[in-house]
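Structure file model10.cif; described as mmCIF, C-alpha atoms (C1' of nucleotides) and all ligand atoms.
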data_final
loop_
_atom_site.label_atom_id
_atom_site.label_comp_id
_atom_site.auth_asym_id
_atom_site.auth_seq_id
_atom_site.Cartn_x
_atom_site.Cartn_y
_atom_site.Cartn_z
CA MET A 231 0.00 0.00 0.00
CA ARG A 232 1.58 3.24 -1.10
CA LYS A 233 1.53 6.17 1.25
CA GLU A 234 -1.19 8.69 0.50
CA ALA A 235 1.14 11.70 0.65
CA GLU A 236 3.20 10.14 -2.09
CA ILE A 237 0.17 9.57 -4.26
CA PHE A 238 -1.10 13.07 -3.65
CA GLU A 239 2.25 14.60 -4.51
CA GLU A 240 2.38 12.63 -7.70
CA TYR A 241 -1.10 13.78 -8.64
CA LEU A 242 -0.20 17.38 -7.86
CA LYS A 243 2.88 17.12 -10.05
CA THR A 244 0.77 16.18 -13.04
CA LYS A 245 -1.00 19.49 -12.53
CA LYS A 246 2.24 21.36 -11.85
CA LEU A 247 1.20 21.97 -8.28
CA ASN A 248 3.22 21.49 -5.12
CA LEU A 249 2.60 19.61 -1.91
CA THR A 250 2.79 22.59 0.41
CA LYS A 251 2.76 22.38 4.19
CA GLU A 252 -0.86 23.57 4.20
CA ARG A 253 -1.93 20.84 1.80
CA LYS A 254 0.04 18.29 3.78
CA ALA A 255 -1.60 19.36 7.03
CA ILE A 256 -5.04 18.94 5.49
CA LEU A 257 -4.14 15.59 3.99
CA ASN A 258 -2.86 14.40 7.35
CA GLN A 259 -5.94 15.58 9.14
CA VAL A 260 -8.22 13.79 6.67
CA PHE A 261 -6.26 10.56 6.93
CA ALA A 262 -5.96 10.78 10.70
CA THR A 263 -9.74 10.58 10.94
CA ASN A 264 -11.78 7.51 10.33
CA GLY A 265 -15.31 8.20 9.36
CA HIS A 266 -17.01 11.18 7.86
CA LEU A 267 -15.60 14.66 8.12
CA GLU A 268 -16.99 18.04 7.24
CA ALA A 269 -14.81 20.78 5.83
CA ASP A 270 -15.24 23.03 8.82
CA GLU A 271 -14.22 20.27 11.18
CA ILE A 272 -10.91 20.05 9.39
CA PHE A 273 -10.53 23.80 9.59
CA LEU A 274 -11.21 23.81 13.33
CA ARG A 275 -9.00 20.85 14.14
CA LEU A 276 -6.09 22.38 12.32
CA LYS A 277 -6.65 25.60 14.20
CA LYS A 278 -6.54 23.73 17.50
CA ASP A 279 -3.36 21.97 16.42
CA LYS A 280 -1.80 25.36 15.69
CA LYS A 281 -1.47 24.33 12.06
CA ASP A 282 -3.74 27.16 10.97
CA VAL A 283 -4.97 27.04 7.42
CA SER A 284 -7.65 29.26 5.94
CA ARG A 285 -11.08 27.96 5.09
CA ALA A 286 -10.45 28.76 1.44
CA THR A 287 -7.43 26.49 1.44
CA VAL A 288 -9.33 23.71 3.18
CA TYR A 289 -12.01 23.75 0.51
CA ARG A 290 -9.49 24.10 -2.30
CA THR A 291 -7.43 21.20 -1.03
CA LEU A 292 -10.43 18.97 -0.46
CA GLY A 293 -11.29 19.54 -4.09
CA LEU A 294 -7.82 18.42 -5.09
CA LEU A 295 -8.00 15.39 -2.85
CA VAL A 296 -11.29 14.38 -4.40
CA ASP A 297 -9.87 14.85 -7.90
CA SER A 298 -6.86 12.77 -6.98
CA GLY A 299 -9.11 9.91 -5.99
CA LEU A 300 -7.82 9.72 -2.42
CA VAL A 301 -10.97 11.15 -0.91
CA ARG A 302 -14.62 11.13 -1.82
CA LYS A 303 -17.63 13.22 -1.06
CA VAL A 304 -20.44 11.60 0.86
CA TYR A 305 -24.00 12.85 0.94
CA LEU A 306 -25.66 11.95 4.23
CA GLY A 307 -28.91 13.85 3.87
CA GLU A 308 -27.60 16.93 5.65
CA ASP A 309 -27.18 20.41 4.26
CA HIS A 310 -23.49 20.06 3.73
CA ILE A 311 -21.07 17.55 2.29
CA HIS A 312 -19.03 15.04 4.22
CA TYR A 313 -15.70 13.65 3.13
CA GLU A 314 -14.08 10.31 3.72
CA HIS A 315 -10.74 8.98 2.61
CA THR A 316 -10.91 6.04 0.29
CA HIS A 317 -7.28 5.03 0.02
CA GLY A 318 -6.78 1.69 1.71
CA HIS A 319 -10.47 1.01 2.12
CA THR A 320 -12.76 -1.15 0.12
CA HIS A 321 -15.65 0.70 -1.44
CA HIS A 322 -18.79 0.88 0.65
CA ASP A 323 -22.09 2.70 0.93
CA HIS A 324 -24.18 3.96 3.82
CA LEU A 325 -27.19 3.33 5.99
CA VAL A 326 -28.12 6.57 7.73
CA CYS A 327 -30.24 6.60 10.88
CA ILE A 328 -32.52 9.62 10.73
CA LYS A 329 -33.04 9.52 14.48
CA CYS A 330 -29.62 9.19 16.11
CA GLY A 331 -27.55 10.09 13.05
CA LYS A 332 -25.51 6.92 13.13
CA VAL A 333 -23.98 5.91 9.81
CA ILE A 334 -23.51 2.23 9.10
CA GLU A 335 -21.26 1.17 6.27
CA PHE A 336 -22.02 -1.76 4.04
CA SER A 337 -20.69 -3.22 0.86
CA ASP A 338 -22.37 -5.66 -1.43
CA LYS A 339 -20.67 -7.06 -4.47
CA LYS A 340 -23.92 -8.19 -6.01
CA ILE A 341 -25.45 -4.75 -5.86
CA GLU A 342 -22.36 -3.26 -7.44
CA LYS A 343 -22.50 -5.79 -10.25
CA LEU A 344 -26.13 -5.04 -10.96
CA GLN A 345 -25.40 -1.34 -11.00
CA ALA A 346 -22.66 -1.93 -13.55
CA LEU A 347 -25.18 -3.84 -15.61
CA VAL A 348 -27.66 -0.97 -15.47
CA CYS A 349 -24.95 1.36 -16.75
CA GLN A 350 -24.01 -1.00 -19.51
CA GLU A 351 -27.61 -1.18 -20.69
CA SER A 352 -27.78 2.61 -20.91
CA GLY A 353 -24.40 2.98 -22.55
CA PHE A 354 -23.38 4.93 -19.47
CA LYS A 355 -19.78 5.08 -18.31
CA GLU A 356 -19.77 5.07 -14.52
CA LEU A 357 -17.15 7.03 -12.64
CA SER A 358 -18.56 6.79 -9.15
CA HIS A 359 -21.74 6.16 -7.29
CA THR A 360 -23.27 6.65 -3.90
CA VAL A 361 -26.08 4.74 -2.24
CA GLN A 362 -27.76 6.06 0.86
CA ILE A 363 -30.45 4.22 2.70
CA PHE A 364 -32.31 6.33 5.23
CA GLY A 365 -34.29 4.89 8.11
CA TYR A 366 -34.00 3.75 11.70
CA CYS A 367 -31.06 1.80 13.07
CA LYS A 368 -31.46 -1.23 15.27
CA ASP A 369 -31.45 0.88 18.44
CA CYS A 370 -33.84 3.51 17.18
CA LYS A 371 -36.58 1.51 15.51
CA GLU A 372 -39.84 1.03 17.41
CA MET B 1394 -55.25 6.47 -8.94
CA ARG B 1395 -56.40 9.08 -6.44
CA LYS B 1396 -55.84 12.71 -7.21
CA GLU B 1397 -52.81 14.20 -5.47
CA ALA B 1398 -54.67 17.24 -4.17
CA GLU B 1399 -57.05 14.93 -2.39
CA ILE B 1400 -54.23 12.99 -0.79
CA PHE B 1401 -52.45 16.15 0.22
CA GLU B 1402 -55.56 17.62 1.77
CA GLU B 1403 -56.11 14.44 3.71
CA TYR B 1404 -52.54 14.50 4.97
CA LEU B 1405 -52.89 18.14 5.96
CA LYS B 1406 -56.04 17.37 7.88
CA THR B 1407 -54.23 14.87 10.05
CA LYS B 1408 -51.97 17.75 11.04
CA LYS B 1409 -54.86 20.19 11.41
CA LEU B 1410 -53.62 22.20 8.46
CA ASN B 1411 -55.56 23.47 5.46
CA LEU B 1412 -55.08 23.21 1.75
CA THR B 1413 -54.74 26.93 1.05
CA LYS B 1414 -54.57 28.44 -2.41
CA GLU B 1415 -50.83 28.96 -2.00
CA ARG B 1416 -50.26 25.33 -1.12
CA LYS B 1417 -52.48 24.28 -3.98
CA ALA B 1418 -50.56 26.45 -6.43
CA ILE B 1419 -47.29 24.87 -5.35
CA LEU B 1420 -48.73 21.39 -5.50
CA ASN B 1421 -50.02 22.06 -9.01
CA GLN B 1422 -46.71 23.44 -10.16
CA VAL B 1423 -44.85 20.42 -8.84
CA PHE B 1424 -47.23 17.97 -10.46
CA ALA B 1425 -47.33 19.94 -13.71
CA THR B 1426 -43.61 19.32 -14.11
CA ASN B 1427 -42.08 16.02 -15.03
CA GLY B 1428 -38.52 15.65 -13.94
CA HIS B 1429 -36.50 17.36 -11.30
CA LEU B 1430 -37.36 20.73 -9.90
CA GLU B 1431 -35.51 23.08 -7.63
CA ALA B 1432 -37.33 25.18 -5.07
CA ASP B 1433 -36.44 28.44 -6.72
CA GLU B 1434 -37.75 27.24 -10.05
CA ILE B 1435 -41.14 26.73 -8.46
CA PHE B 1436 -40.96 30.19 -6.93
CA LEU B 1437 -40.11 31.78 -10.28
CA ARG B 1438 -42.69 29.88 -12.30
CA LEU B 1439 -45.42 30.84 -9.91
CA LYS B 1440 -44.31 34.43 -10.13
CA LYS B 1441 -44.54 34.29 -13.92
CA ASP B 1442 -47.99 32.75 -13.67
CA LYS B 1443 -49.05 35.63 -11.44
CA LYS B 1444 -49.72 33.13 -8.68
CA ASP B 1445 -47.13 34.76 -6.47
CA VAL B 1446 -46.11 32.87 -3.40
CA SER B 1447 -43.22 33.75 -1.12
CA ARG B 1448 -40.04 31.71 -1.05
CA ALA B 1449 -40.72 30.86 2.58
CA THR B 1450 -44.03 29.32 1.63
CA VAL B 1451 -42.48 27.38 -1.22
CA TYR B 1452 -39.93 25.80 1.11
CA ARG B 1453 -42.51 25.23 3.82
CA THR B 1454 -44.89 23.55 1.42
CA LEU B 1455 -42.22 21.41 -0.17
CA GLY B 1456 -41.45 20.13 3.31
CA LEU B 1457 -45.09 19.22 3.77
CA LEU B 1458 -45.25 17.54 0.38
CA VAL B 1459 -42.21 15.44 1.23
CA ASP B 1460 -43.68 14.49 4.59
CA SER B 1461 -46.93 13.54 2.92
CA GLY B 1462 -45.06 11.13 0.66
CA LEU B 1463 -46.22 12.77 -2.57
CA VAL B 1464 -42.83 14.24 -3.35
CA ARG B 1465 -39.28 13.27 -2.64
CA LYS B 1466 -35.96 15.00 -2.46
CA VAL B 1467 -33.33 14.02 -4.99
CA TYR B 1468 -29.62 14.61 -4.61
CA LEU B 1469 -27.99 15.04 -8.00
CA GLY B 1470 -24.49 16.03 -6.94
CA GLU B 1471 -25.24 19.73 -7.04
CA ASP B 1472 -25.18 22.17 -4.18
CA HIS B 1473 -28.92 22.25 -3.79
CA ILE B 1474 -31.74 19.77 -3.57
CA HIS B 1475 -34.07 18.77 -6.37
CA TYR B 1476 -37.61 17.57 -5.94
CA GLU B 1477 -39.68 15.14 -7.94
CA HIS B 1478 -43.24 13.98 -7.46
CA THR B 1479 -43.60 10.30 -6.73
CA HIS B 1480 -47.35 9.85 -6.87
CA GLY B 1481 -48.25 7.76 -9.88
CA HIS B 1482 -44.68 6.79 -10.65
CA THR B 1483 -42.83 3.63 -9.89
CA HIS B 1484 -39.76 4.15 -7.76
CA HIS B 1485 -36.55 4.77 -9.65
CA ASP B 1486 -33.01 6.01 -9.18
CA HIS B 1487 -30.65 8.11 -11.27
CA LEU B 1488 -27.68 8.08 -13.60
CA VAL B 1489 -26.22 11.58 -13.71
CA CYS B 1490 -24.00 12.70 -16.57
CA ILE B 1491 -21.31 14.95 -15.14
CA LYS B 1492 -20.66 16.51 -18.53
CA CYS B 1493 -24.03 17.46 -20.01
CA GLY B 1494 -26.05 17.17 -16.82
CA LYS B 1495 -28.53 14.73 -18.26
CA VAL B 1496 -30.32 12.58 -15.71
CA ILE B 1497 -31.36 9.09 -16.73
CA GLU B 1498 -33.85 7.22 -14.61
CA PHE B 1499 -33.63 3.51 -13.97
CA SER B 1500 -35.29 0.98 -11.76
CA ASP B 1501 -34.08 -2.44 -10.88
CA LYS B 1502 -36.08 -4.79 -8.73
CA LYS B 1503 -33.09 -6.98 -7.97
CA ILE B 1504 -31.06 -4.11 -6.61
CA GLU B 1505 -33.95 -3.05 -4.43
CA LYS B 1506 -34.29 -6.56 -3.06
CA LEU B 1507 -30.62 -6.78 -2.24
CA GLN B 1508 -30.79 -3.43 -0.50
CA ALA B 1509 -33.67 -4.69 1.60
CA LEU B 1510 -31.54 -7.69 2.49
CA VAL B 1511 -28.66 -5.47 3.57
CA CYS B 1512 -31.03 -3.58 5.85
CA GLN B 1513 -32.41 -6.77 7.30
CA GLU B 1514 -28.93 -8.01 8.13
CA SER B 1515 -28.19 -4.81 10.02
CA GLY B 1516 -31.55 -4.70 11.77
CA PHE B 1517 -32.13 -1.43 9.95
CA LYS B 1518 -35.64 -0.24 9.12
CA GLU B 1519 -35.50 1.46 5.74
CA LEU B 1520 -37.73 4.43 5.06
CA SER B 1521 -36.24 5.58 1.79
CA HIS B 1522 -33.14 5.39 -0.28
CA THR B 1523 -31.42 7.12 -3.15
CA VAL B 1524 -28.88 5.77 -5.57
CA GLN B 1525 -26.88 8.07 -7.81
CA ILE B 1526 -24.45 6.88 -10.38
CA PHE B 1527 -22.21 9.60 -11.74
CA GLY B 1528 -20.37 9.35 -15.04
CA TYR B 1529 -20.70 10.02 -18.75
CA CYS B 1530 -23.82 9.38 -20.74
CA LYS B 1531 -23.82 7.65 -24.09
CA ASP B 1532 -23.41 10.94 -25.94
CA CYS B 1533 -20.68 12.32 -23.71
CA LYS B 1534 -18.33 9.40 -23.22
CA GLU B 1535 -15.08 9.34 -25.24
"C1'" DC C 479 19.93 37.04 -7.84
"C1'" DC C 480 15.65 37.71 -11.10
"C1'" DC C 481 11.33 36.56 -12.94
"C1'" DT C 482 7.29 33.83 -13.37
"C1'" DT C 483 3.99 30.96 -11.41
"C1'" DT C 484 1.85 29.11 -7.54
"C1'" DT C 485 -0.17 29.63 -3.15
"C1'" DT C 486 -2.18 31.66 0.48
"C1'" DG C 487 -5.43 34.22 3.79
"C1'" DA C 488 -8.70 37.76 4.87
"C1'" DG C 489 -12.71 38.97 3.99
"C1'" DA C 490 -16.32 39.88 0.57
"C1'" DT C 491 -19.73 37.48 -1.94
"C1'" DT C 492 -23.07 34.10 -3.36
"C1'" DT C 493 -26.65 31.07 -2.62
"C1'" DA C 494 -29.76 27.72 -0.36
"C1'" DG C 495 -32.49 27.49 3.13
"C1'" DT C 496 -34.50 28.99 7.69
"C1'" DC C 497 -36.41 32.11 10.94
"C1'" DT C 498 -39.08 36.09 12.85
"C1'" DC C 499 -42.94 38.56 13.40
"C1'" DA C 500 -46.73 41.38 12.45
"C1'" DA C 501 -50.70 41.31 9.49
"C1'" DT C 502 -54.20 38.46 7.60
"C1'" DC C 503 -57.04 34.64 7.01
"C1'" DT C 504 -59.88 30.45 8.62
"C1'" DA C 505 -62.88 27.86 10.89
"C1'" DA C 506 -65.14 26.47 14.61
"C1'" DA C 507 -67.74 28.21 18.73
"C1'" DC C 508 -70.87 31.06 20.35
"C1'" DG D 1217 -73.20 37.12 12.30
"C1'" DT D 1218 -69.57 37.91 15.89
"C1'" DT D 1219 -65.89 36.39 18.38
"C1'" DT D 1220 -61.72 34.25 19.02
"C1'" DA D 1221 -57.92 31.10 18.85
"C1'" DG D 1222 -55.06 29.09 15.80
"C1'" DA D 1223 -53.22 28.74 11.14
"C1'" DT D 1224 -50.97 31.09 7.32
"C1'" DT D 1225 -48.60 34.25 4.93
"C1'" DG D 1226 -44.84 37.51 3.06
"C1'" DA D 1227 -41.07 40.59 3.68
"C1'" DG D 1228 -36.96 40.63 4.81
"C1'" DA D 1229 -33.47 39.48 8.35
"C1'" DC D 1230 -30.56 35.87 9.19
"C1'" DT D 1231 -27.53 31.63 8.95
"C1'" DA D 1232 -24.34 28.67 7.03
"C1'" DA D 1233 -21.89 26.33 3.24
"C1'" DA D 1234 -19.09 27.17 -0.24
"C1'" DT D 1235 -16.82 30.12 -3.59
"C1'" DC D 1236 -14.47 34.14 -5.18
"C1'" DT D 1237 -11.23 38.19 -5.22
"C1'" DC D 1238 -7.06 40.09 -4.87
"C1'" DA D 1239 -2.87 41.56 -3.00
"C1'" DA D 1240 1.00 39.73 -0.55
"C1'" DA D 1241 4.02 35.94 0.16
"C1'" DA D 1242 6.37 31.79 -1.17
"C1'" DA D 1243 8.43 28.62 -4.38
"C1'" DG D 1244 10.95 27.19 -8.31
"C1'" DG D 1245 13.81 27.41 -12.32
"C1'" DG D 1246 17.14 29.59 -14.35
MN MN E 1601 -18.18 5.74 4.90
MN MN E 1602 -36.27 11.04 -11.21
ZN ZN E 1603 -30.30 5.35 15.29
ZN ZN E 1604 -23.98 13.62 -21.07
#

Let me see the structure of the file written as structure tokens.
Ligand SMILES: [Mn+2]
Ligand SMILES: [Mn+2]
Ligand SMILES: [Zn+2]
Ligand SMILES: [Zn+2]
Amino acid sequence: MRKEAEIFEEYLKTKKLNLTKERKAILNQVFATNGHLEADEIFLRLKKDKKDVSRATVYRTLGLLVDSGLVRKVYLGEDHIHYEHTHGHTHHDHLVCIKCGKVIEFSDKKIEKLQALVCQESGFKELSHTVQIFGYCKDCKE
Amino acid sequence: MRKEAEIFEEYLKTKKLNLTKERKAILNQVFATNGHLEADEIFLRLKKDKKDVSRATVYRTLGLLVDSGLVRKVYLGEDHIHYEHTHGHTHHDHLVCIKCGKVIEFSDKKIEKLQALVCQESGFKELSHTVQIFGYCKDCKE
DNA sequence: CCCTTTTTGAGATTTAGTCTCAATCTAAAC
DNA sequence: GTTTAGATTGAGACTAAATCTCAAAAAGGG
């Protein structure tokens, strides 16, 4: 498994961009966190760590990380986007509890295969997908 | 197939709310449109039709329509929500072309069944789900 | 060192959506 | 038909996510 900083730097090079200390700090913060992060959380954590970076740079860098394929956006039914790193994880999708907010990850090869089939039938070239199932988790249903 | 206004009125009654002319205008606008609407589009169309309704009322009523089950929110990868009416349609999900913006609808019973199975295994009670597949449509891929 | 390009941060801006509140409407009770 | 409590609305203030602007700073290649 190659290190994510290495991959990111390589990606940046192809765009003639540099891996600055700000970008590295954001990368590290994203990969230090398991689960689903919001942009502002990254901004605030870096501030606490005295690795201050502006909000603009956080958003700009998240965009680069998504483009590089190391990170993806996740829509969890809220009014803002979450991010999760994908490097070193198998692809998965989400069950979202609308009561307690818990997010359960699942992956299902069969579903993925059928989705690929749907795309094939439409002549559609898939780049990514997201599946969200909203409802009540085990603890919240009744 | 029961008329949507009837269903909406019934739903409103259970909440001790009335089907006002503003709510009716919004309902009509939503059901007059096939495809995916944004809140502001509804606001502007009503303005053009001289059936002026405030933005606040549009958002408030869309919330009621979603709660009533006649309409659902659709996330298409943009920074705002789309709405589509569900009454009289079979459930479907979406392929979204990231180049031309086209949205292709699909439905697949097998996928739905497998999703239900995933929920069952997690003890999760599904209320709704959305699947979005992003990529290039037939005309845009190459 | 010079020169060009990249990068950044502060803060302004945009935009979706929500909230407030006073005025108006509704409907049921009298 | 009057009264009255509750529902409804619109204008515009407000919030929050995300983007944009632009001048200053940093980096990189000679
Ligand atoms: Mn996840
Ligand atoms: Mn649709
Ligand atoms: Zn829960
Ligand atoms: Zn297309």

### Query
So how many Å separate atom CA of A:Val296 and atom CA of A:Lys243, to one decimal?
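According to the coordinates, atom CA of A:Val296 and atom CA of A:Lys243 are separated by 15.5 Å.
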
Considering only C-alpha atoms (C1' of nucleotides), extract the chain D residues located within 9 Å of chain A and return them as a JSON list (two decimals) with C-alpha atoms (C1' of nucleotides), in the coordinates of the input.
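Dumped everything to iface-v5.json:
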[["chain", "number", "residue", "atom", "x", "y", "z"],
["D", 1233, "DA", "C1'", -21.89, 26.33, 3.24],
["D", 1234, "DA", "C1'", -19.09, 27.17, -0.24],
["D", 1235, "DT", "C1'", -16.82, 30.12, -3.59],
["D", 1243, "DA", "C1'", 8.43, 28.62, -4.38]]

### Query
Got a sec to pull out which chain C residues are within 9 Å of chain B, counting only C-alpha atoms (C1' of nucleotides), and send them as an MDAnalysis selection string?
chainID C and resid 494:496 504

Up to 8 Å from chain A, what residues of chain B turn up? Count all atoms listed in the file and give them as an mmCIF file with C-alpha atoms, in the frame of the given file.
data_model
loop_
_atom_site.group_PDB
_atom_site.id
_atom_site.type_symbol
_atom_site.label_atom_id
_atom_site.label_comp_id
_atom_site.auth_asym_id
_atom_site.auth_seq_id
_atom_site.Cartn_x
_atom_site.Cartn_y
_atom_site.Cartn_z
ATOM 1 C CA LEU B 1488 -27.680 8.080 -13.600
ATOM 2 C CA PHE B 1499 -33.630 3.510 -13.970
ATOM 3 C CA LYS B 1503 -33.090 -6.980 -7.970
ATOM 4 C CA ILE B 1504 -31.060 -4.110 -6.610
ATOM 5 C CA LEU B 1507 -30.620 -6.780 -2.240
ATOM 6 C CA GLN B 1508 -30.790 -3.430 -0.500
ATOM 7 C CA VAL B 1511 -28.660 -5.470 3.570
ATOM 8 C CA CYS B 1512 -31.030 -3.580 5.850
ATOM 9 C CA SER B 1515 -28.190 -4.810 10.020
ATOM 10 C CA GLY B 1516 -31.550 -4.700 11.770
ATOM 11 C CA PHE B 1517 -32.130 -1.430 9.950
ATOM 12 C CA LYS B 1518 -35.640 -0.240 9.120
ATOM 13 C CA GLU B 1519 -35.500 1.460 5.740
ATOM 14 C CA LEU B 1520 -37.730 4.430 5.060
ATOM 15 C CA SER B 1521 -36.240 5.580 1.790
ATOM 16 C CA HIS B 1522 -33.140 5.390 -0.280
ATOM 17 C CA THR B 1523 -31.420 7.120 -3.150
ATOM 18 C CA VAL B 1524 -28.880 5.770 -5.570
ATOM 19 C CA GLN B 1525 -26.880 8.070 -7.810
ATOM 20 C CA ILE B 1526 -24.450 6.880 -10.380
ATOM 21 C CA PHE B 1527 -22.210 9.600 -11.740
ATOM 22 C CA GLY B 1528 -20.370 9.350 -15.040
ATOM 23 C CA TYR B 1529 -20.700 10.020 -18.750
ATOM 24 C CA CYS B 1530 -23.820 9.380 -20.740
ATOM 25 C CA LYS B 1531 -23.820 7.650 -24.090
ATOM 26 C CA LYS B 1534 -18.330 9.400 -23.220
#

### Task
Work out how far atom CA of B:His1484 is from atom CA of A:Tyr313, in Å to one decimal.
28.1 Å

### Query
Quick one: distance from atom CA of A:Lys277 to atom C1' of C:DT491 in Å, one decimal?
23.9 Å

With all atoms listed in the file as the counted atoms, please give the residues lying no more than 12 Å from A:Ala262, apart from itself and same-chain residues fewer than 4 positions off, as a compact mmCIF listing (two decimals) with C-alpha atoms, in the coordinates of the input.
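Listing of around.txt after writing:
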# COMPACT_ATOMS: atom_id res chain seq x y z
CA GLU A 234 -1.19 8.69 0.50
CA LYS A 254 0.04 18.29 3.78
CA ALA A 255 -1.60 19.36 7.03
CA ILE A 256 -5.04 18.94 5.49
CA LEU A 257 -4.14 15.59 3.99
CA ASN A 258 -2.86 14.40 7.35
CA HIS A 266 -17.01 11.18 7.86
CA LEU A 267 -15.60 14.66 8.12
CA ILE A 272 -10.91 20.05 9.39
CA ARG A 275 -9.00 20.85 14.14
CA LEU A 276 -6.09 22.38 12.32
CA GLU A 314 -14.08 10.31 3.72
CA HIS A 315 -10.74 8.98 2.61

### Task
Could you give me, as a list in words, the residues that have an atom at most 10 Å away from the point (-30.8, 34.1, 11.0) in the coordinates of the file, using all atoms listed in the file?
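In the file's frame, the residues around the point are DT496, DC497 and DT498 of chain C; DA1229, DC1230, DT1231 and DA1232 of chain D.
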
### Query
Which polymer residues, protein or nucleic acid, are no farther than 7 Å from (-42.0, 19.2, -1.6), counting all atoms listed in the file, as an NGL selection string?
:B and (1454-1459 or 1464-1465 or 1476)

#### Entry: Exercise: C:DC508 partners within 12 Å, only C-alpha atoms (C1' of nucleotides), chain neighbours under 2 positions left out, as an NGL selection string
(:C and (506)) or (:D and (1217-1220))

### Query
With distances taken over all atoms listed in the file, which of B:Lys1502, B:Lys1396, B:His1482, B:Lys1492 is nearest to ligand MN 1602 (chain E)?
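Closest candidate: B:His1482.
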
If you take every atom of stretch 1227-1240 of chain D that the file lists and fit an axis-aligned box around them with 8 Å extra on each side, what centre and edge lengths come out in Å to one decimal, as JSON?
{"center_x": -20.0, "center_y": 33.9, "center_z": 2.0, "size_x": 58.1, "size_y": 31.2, "size_z": 30.4}

### Message
Could you list, as a ChimeraX atom specification, every residue within 12 Å of D:DG1226, counting only C-alpha atoms (C1' of nucleotides) and ignoring same-chain residues fewer than 6 positions away?
### Response
/B:1415,1445-1451 /C:498-502

### Query
Leaving out stretch 235-237 of chain A and any residue of its chain fewer than 3 positions from it, which residues lie within 9 Å of it when counting all atoms listed in the file, given as a ChimeraX atom specification?
/A:232,240-242,249,254,257-258,298,300

Residues from the last selection, C-alpha atoms, saved as a PDB file, in the coordinates of the input:
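Generated file (again.pdb):
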ATOM      1  CA  ARG A 232       1.580   3.240  -1.100  1.00  0.00           C
ATOM      2  CA  GLU A 240       2.380  12.630  -7.700  1.00  0.00           C
ATOM      3  CA  TYR A 241      -1.100  13.780  -8.640  1.00  0.00           C
ATOM      4  CA  LEU A 242      -0.200  17.380  -7.860  1.00  0.00           C
ATOM      5  CA  LEU A 249       2.600  19.610  -1.910  1.00  0.00           C
ATOM      6  CA  LYS A 254       0.040  18.290   3.780  1.00  0.00           C
ATOM      7  CA  LEU A 257      -4.140  15.590   3.990  1.00  0.00           C
ATOM      8  CA  ASN A 258      -2.860  14.400   7.350  1.00  0.00           C
ATOM      9  CA  SER A 298      -6.860  12.770  -6.980  1.00  0.00           C
ATOM     10  CA  LEU A 300      -7.820   9.720  -2.420  1.00  0.00           C
TER      11      LEU A 300
END
